[in-house]
There are 2 protein chains.
Amino acid sequence: MPEVVTPAPKPRTGRTAHGRRRVRSALALAALELFAAQGFEATTVDQIADAAGVGRRTFFRYFRSKEDVVFPGHDERLAEVVELLEGADPAADPLVVLGRTAEVVLEMYLAEPEVSLKRFELTREVSALRDKEIASIDRYQRVFARYLRERYAGEPGGDLRAAVAAAAVVAAHNHVLRQWLKSRGELDAKRLLREAVEQVTAALSDRRPEPSVVEGEDVVVGVVRTSAPAGVVLKQLEDALREIR
Amino acid sequence: MPEVVTPAPKPRTGRTAHGRRRVRSALALAALELFAAQGFEATTVDQIADAAGVGRRTFFRYFRSKEDVVFPGHDERLAEVVELLEGADPAADPLVVLGRTAEVVLEMYLAEPEVSLKRFELTREVSALRDKEIASIDRYQRVFARYLRERYAGEPGGDLRAAVAAAAVVAAHNHVLRQWLKSRGELDAKRLLREAVEQVTAALSDRRPEPSVVEGEDVVVGVVRTSAPAGVVLKQLEDALREIR
DNA sequence: CATCGTAACGGCACTGAGTGCCACTAGCAA
DNA sequence: TTGCTAGTGGCACTCAGTGCCGTTACGATG
């Protein structure tokens, strides 16, 4: 096993004119500028490397492919999501956990609006990039589905429910993100997603696996105002019922 | 406008040893055999063309890329689906229409099991192919979503519902297809999909658009038995509420 | 200060996908 | 026979991506 683990990462204070971070961002910046100026396909890796002041070979040491420049750190974010789900409270409603996770993902996009917007423009025009993005979205969806599958394990049709619910949450997220991008960052995306996720969760979670309750006991459920939207009324009823149990 | 439209396509009965169809299927066959024997990436287009007895250049006249050999006629099928949706009964429940369409798509896969199974093996191993397939699935989902969006036009949150429902139906389809592929074609996929779609449709269609109710009116919702499953209780509550209105 | 190890770099050469161009040929119609 | 056209094969070219290697700059160690 040649896994020597490199004695210590050594922060590497700062090289002459380079430094890992600097080179990487210089390449990304140069690439995005060139893409915007002359299009994605018309831009060669040579040009990007030249513009960043490094060799062509170095470009591929920082990015696996030309497409990858447009999606920086996607893998890390996915790993972050995985961690988030693995560390989630096992007692919590899986769909709620998933909804919160989707909100975290959305916030990743909202955190750097310029980058997200620029990427949006690019992915709309270049089909290769769009495909790449769809593939990476699918990876999130797979992670979501796996999480739900584990939580629904044992239930009949649990796998199907997991797949469908994951797809629904991801679709809600993407829809809100798209709206936000189309509005050029004006919309209150967080609130919209919260509402959307609430709707989705409500539609998908009304199939509970036989909760064990006290048998033969009659209860009176309190007063509700019908002037509220039906969803709210239902929620109130649900809460009341849960409290009484 | 040099749009001469070529006087008449002329079926072109049959050339010497070629013929469009023959060359195309020869290329596809040779490609799949080589992929199976030595892997996708290790196979060059040169080898495929040689094995099919045509020139390398000719390969690219029949397939846009090496990946395309694995997904023959995907565009045509998508077009078929579009037609199907455009010609659907406008009075029918959109979700039911979508479910039926998903069944049609599934049947396309079931129609040629060997091809589907072989492709499944390939897409599991080669990430480039998997990405390509995901992208093509997304195209179906887009078409589905567009159909629903048009049908839900005007409803508040209709776009969101359309996106989510389309994703859910596609997820159900994919889940069933995957199960069928994993069972190596043994399962009764048609029945499974019908059931799955039924479930999804049921979960997604119980959202009525803001029932207009009398304002400011307090109502007491009656007695329910908590020994019944929570789902039943909720349904009772809902029914009671609706009746009172 | 001298030496060594190492990590990043630049350059070179190579494979292979995909494209543009052009000459060739087989069938078909006048 | 003479075009006309569609399909073909080959050549040359661009560019993405990879393997290899010599070089350089830095840090550590004595």
# chains A, B, ... in the order shown; residues from 1 in each chain; ligands from 1
>>> residues_around(residues="DT19 of chain C", least_positions_apart="3", cutoff="10 Å", atoms="only C-alpha atoms (C1' of nucleotides)", output="list in words")
Arg57 and Phe60 of chain B; DC13 and DT14 of chain D
>>> residues_around(residues="DT23 of chain D", least_positions_apart="3", cutoff="12 Å", atoms="only C-alpha atoms (C1' of nucleotides)", output="list in words")
DA8, DC9, DG10 and DG11 of chain C
>>> atom_distance(atom1="atom CA of Arg124 of chain B", atom2="atom CA of Leu95 of chain A")
28.2 Å
>>> select_by_dssp(residues="segment 126-218 of chain A", states="alpha helix (DSSP H)", output="ChimeraX atom specification")
/A:127-151,158-182,189-205
>>> interface_residues(of="chain D", to="chain B", cutoff="10 Å", atoms="only C-alpha atoms (C1' of nucleotides)", output="ChimeraX atom specification")
/D:7-10
>>> write_last_selection(atoms="C-alpha atoms (C1' of nucleotides)", output="mmCIF file, in the first residue's frame")
data_model
loop_
_atom_site.group_PDB
_atom_site.id
_atom_site.type_symbol
_atom_site.label_atom_id
_atom_site.label_comp_id
_atom_site.auth_asym_id
_atom_site.auth_seq_id
_atom_site.Cartn_x
_atom_site.Cartn_y
_atom_site.Cartn_z
ATOM 1 C "C1'" DG D 7 -23.260 8.920 -51.516
ATOM 2 C "C1'" DT D 8 -18.595 7.840 -50.746
ATOM 3 C "C1'" DG D 9 -13.480 7.741 -49.402
ATOM 4 C "C1'" DG D 10 -9.450 10.020 -48.469
#
>>> interface_residues(of="chain C", to="chain B", cutoff="12 Å", atoms="only C-alpha atoms (C1' of nucleotides)", output="list in words")
DT15, DG16, DA17, DG18, DT19, DG20, DT25, DA26, DG27 and DC28 of chain C
>>> closest_residue(among="D:DG30, D:DG17, D:DC4, D:DG22", to="DC1 of chain C", atoms="only C-alpha atoms (C1' of nucleotides)")
D:DG30
>>> atom_distance(atom1="atom CA of Ala162 of chain B", atom2="atom CA of Ala196 of chain A")
12.1 Å
>>> residues_around(residues="Ile134 of chain B", least_positions_apart="5", cutoff="10 Å", atoms="only C-alpha atoms (C1' of nucleotides)", output="VMD selection string")
(chain A and resid 131 to 132 134 to 138) or (chain B and resid 123 129 139)
>>> write_last_selection(atoms="N, CA and C atoms", output="mmCIF file, in the first residue's frame")
data_model
loop_
_atom_site.group_PDB
_atom_site.id
_atom_site.type_symbol
_atom_site.label_atom_id
_atom_site.label_comp_id
_atom_site.auth_asym_id
_atom_site.auth_seq_id
_atom_site.Cartn_x
_atom_site.Cartn_y
_atom_site.Cartn_z
ATOM 1 N N ASP A 131 -25.701 20.229 -21.268
ATOM 2 C CA ASP A 131 -25.674 18.797 -20.963
ATOM 3 C C ASP A 131 -24.855 18.523 -19.717
ATOM 4 N N LYS A 132 -23.737 19.198 -19.634
ATOM 5 C CA LYS A 132 -22.864 19.001 -18.478
ATOM 6 C C LYS A 132 -23.592 19.399 -17.188
ATOM 7 N N ILE A 134 -26.840 19.539 -16.676
ATOM 8 C CA ILE A 134 -27.918 18.588 -16.405
ATOM 9 C C ILE A 134 -27.362 17.350 -15.729
ATOM 10 N N ALA A 135 -26.220 16.910 -16.207
ATOM 11 C CA ALA A 135 -25.597 15.724 -15.618
ATOM 12 C C ALA A 135 -25.246 15.974 -14.153
ATOM 13 N N SER A 136 -24.776 17.181 -13.868
ATOM 14 C CA SER A 136 -24.376 17.449 -12.486
ATOM 15 C C SER A 136 -25.610 17.615 -11.595
ATOM 16 N N ILE A 137 -26.674 18.162 -12.150
ATOM 17 C CA ILE A 137 -27.921 18.234 -11.398
ATOM 18 C C ILE A 137 -28.408 16.836 -11.063
ATOM 19 N N ASP A 138 -28.259 15.957 -12.036
ATOM 20 C CA ASP A 138 -28.694 14.580 -11.827
ATOM 21 C C ASP A 138 -27.932 13.933 -10.682
ATOM 22 N N THR B 123 -24.166 2.285 -20.571
ATOM 23 C CA THR B 123 -24.335 3.559 -19.869
ATOM 24 C C THR B 123 -23.957 3.446 -18.397
ATOM 25 N N LEU B 129 -21.389 8.330 -21.721
ATOM 26 C CA LEU B 129 -22.666 7.863 -22.251
ATOM 27 C C LEU B 129 -23.797 8.139 -21.270
ATOM 28 N N ARG B 139 -34.589 16.104 -22.067
ATOM 29 C CA ARG B 139 -35.356 16.670 -23.175
ATOM 30 C C ARG B 139 -36.806 16.203 -23.100
#
>>> atom_distance(atom1="atom CA of Gln179 of chain B", atom2="atom CA of Glu155 of chain A")
16.6 Å
>>> select_by_dssp(residues="segment 27-244 of chain A", states="strand (DSSP E or B)", output="PDB file with N, CA and C atoms, in the first residue's frame")
ATOM      1  N   ASP A 218     -62.219   8.402  20.840  1.00  0.00           N
ATOM      2  CA  ASP A 218     -62.803   9.449  20.030  1.00  0.00           C
ATOM      3  C   ASP A 218     -62.308  10.808  20.500  1.00  0.00           C
ATOM      4  N   VAL A 219     -61.986  11.654  19.559  1.00  0.00           N
ATOM      5  CA  VAL A 219     -61.531  12.988  19.924  1.00  0.00           C
ATOM      6  C   VAL A 219     -62.272  14.038  19.115  1.00  0.00           C
ATOM      7  N   VAL A 220     -62.385  15.216  19.704  1.00  0.00           N
ATOM      8  CA  VAL A 220     -62.977  16.329  18.986  1.00  0.00           C
ATOM      9  C   VAL A 220     -61.861  17.254  18.512  1.00  0.00           C
ATOM     10  N   VAL A 223     -61.500  24.203  16.405  1.00  0.00           N
ATOM     11  CA  VAL A 223     -62.105  25.148  15.476  1.00  0.00           C
ATOM     12  C   VAL A 223     -61.078  25.643  14.477  1.00  0.00           C
ATOM     13  N   VAL A 224     -61.467  25.723  13.222  1.00  0.00           N
ATOM     14  CA  VAL A 224     -60.576  26.288  12.210  1.00  0.00           C
ATOM     15  C   VAL A 224     -61.317  27.346  11.409  1.00  0.00           C
ATOM     16  N   ARG A 225     -60.541  28.280  10.860  1.00  0.00           N
ATOM     17  CA  ARG A 225     -61.164  29.325  10.055  1.00  0.00           C
ATOM     18  C   ARG A 225     -61.081  28.921   8.591  1.00  0.00           C
TER      19      ARG A 225
END
>>> residues_around(residues="Phe35 of chain B", least_positions_apart="5", cutoff="10 Å", atoms="only C-alpha atoms (C1' of nucleotides)", output="short mmCIF file (atom, residue, chain, number, x, y, z; two decimals) with N, CA and C atoms, in the first residue's frame")
data_model
loop_
_atom_site.label_atom_id
_atom_site.label_comp_id
_atom_site.auth_asym_id
_atom_site.auth_seq_id
_atom_site.Cartn_x
_atom_site.Cartn_y
_atom_site.Cartn_z
N LEU B 29 -24.16 -2.00 -35.62
CA LEU B 29 -23.88 -3.36 -35.17
C LEU B 29 -22.40 -3.53 -34.85
N ALA B 30 -21.57 -3.10 -35.79
CA ALA B 30 -20.12 -3.21 -35.60
C ALA B 30 -19.69 -2.46 -34.34
N PHE B 40 -15.87 1.03 -24.57
CA PHE B 40 -16.26 2.17 -25.39
C PHE B 40 -15.07 3.07 -25.74
N GLU B 41 -14.35 3.46 -24.73
CA GLU B 41 -13.27 4.42 -24.95
C GLU B 41 -12.12 3.80 -25.75
N ALA B 42 -11.91 2.51 -25.55
CA ALA B 42 -10.80 1.85 -26.23
C ALA B 42 -11.10 1.62 -27.71
N THR B 43 -12.35 1.81 -28.08
CA THR B 43 -12.73 1.61 -29.48
C THR B 43 -12.66 2.93 -30.24
N THR B 44 -11.95 2.92 -31.36
CA THR B 44 -11.86 4.14 -32.17
C THR B 44 -12.84 4.07 -33.32
N ILE B 48 -14.44 1.00 -35.96
CA ILE B 48 -15.86 0.80 -36.28
C ILE B 48 -16.08 0.85 -37.79
N VAL B 70 -24.84 4.79 -29.82
CA VAL B 70 -25.51 4.06 -28.74
C VAL B 70 -26.96 4.50 -28.59
N LYS B 118 -28.40 -3.87 -23.72
CA LYS B 118 -27.00 -3.62 -24.08
C LYS B 118 -26.63 -2.16 -23.78
N LEU B 122 -23.79 -0.46 -21.14
CA LEU B 122 -22.82 0.55 -21.56
C LEU B 122 -22.94 1.82 -20.73
#
>>> residues_around(residues="Tyr140 of chain A", least_positions_apart="3", cutoff="9 Å", atoms="only C-alpha atoms (C1' of nucleotides)", output="list in words")
Leu78, Val81, Val82, Ser136, Ile137, Val143, Phe144, Ala145 and Val170 of chain A
>>> write_last_selection(atoms="C-alpha atoms", output="PDB file, in the first residue's frame")
ATOM      1  CA  LEU A  78     -21.988  17.731  -3.928  1.00  0.00           C
ATOM      2  CA  VAL A  81     -24.608  17.984   0.386  1.00  0.00           C
ATOM      3  CA  VAL A  82     -23.803  14.352   1.041  1.00  0.00           C
ATOM      4  CA  SER A 136     -24.376  17.449 -12.486  1.00  0.00           C
ATOM      5  CA  ILE A 137     -27.921  18.234 -11.398  1.00  0.00           C
ATOM      6  CA  VAL A 143     -27.889  11.711  -3.760  1.00  0.00           C
ATOM      7  CA  PHE A 144     -31.313  12.927  -2.714  1.00  0.00           C
ATOM      8  CA  ALA A 145     -32.937   9.723  -3.901  1.00  0.00           C
ATOM      9  CA  VAL A 170     -35.007  18.938  -7.389  1.00  0.00           C
TER      10      VAL A 170
END
>>> closest_residue(among="A:Arg146, A:Arg161, A:Arg100, A:His74", to="chain B", atoms="only C-alpha atoms")
A:Arg161
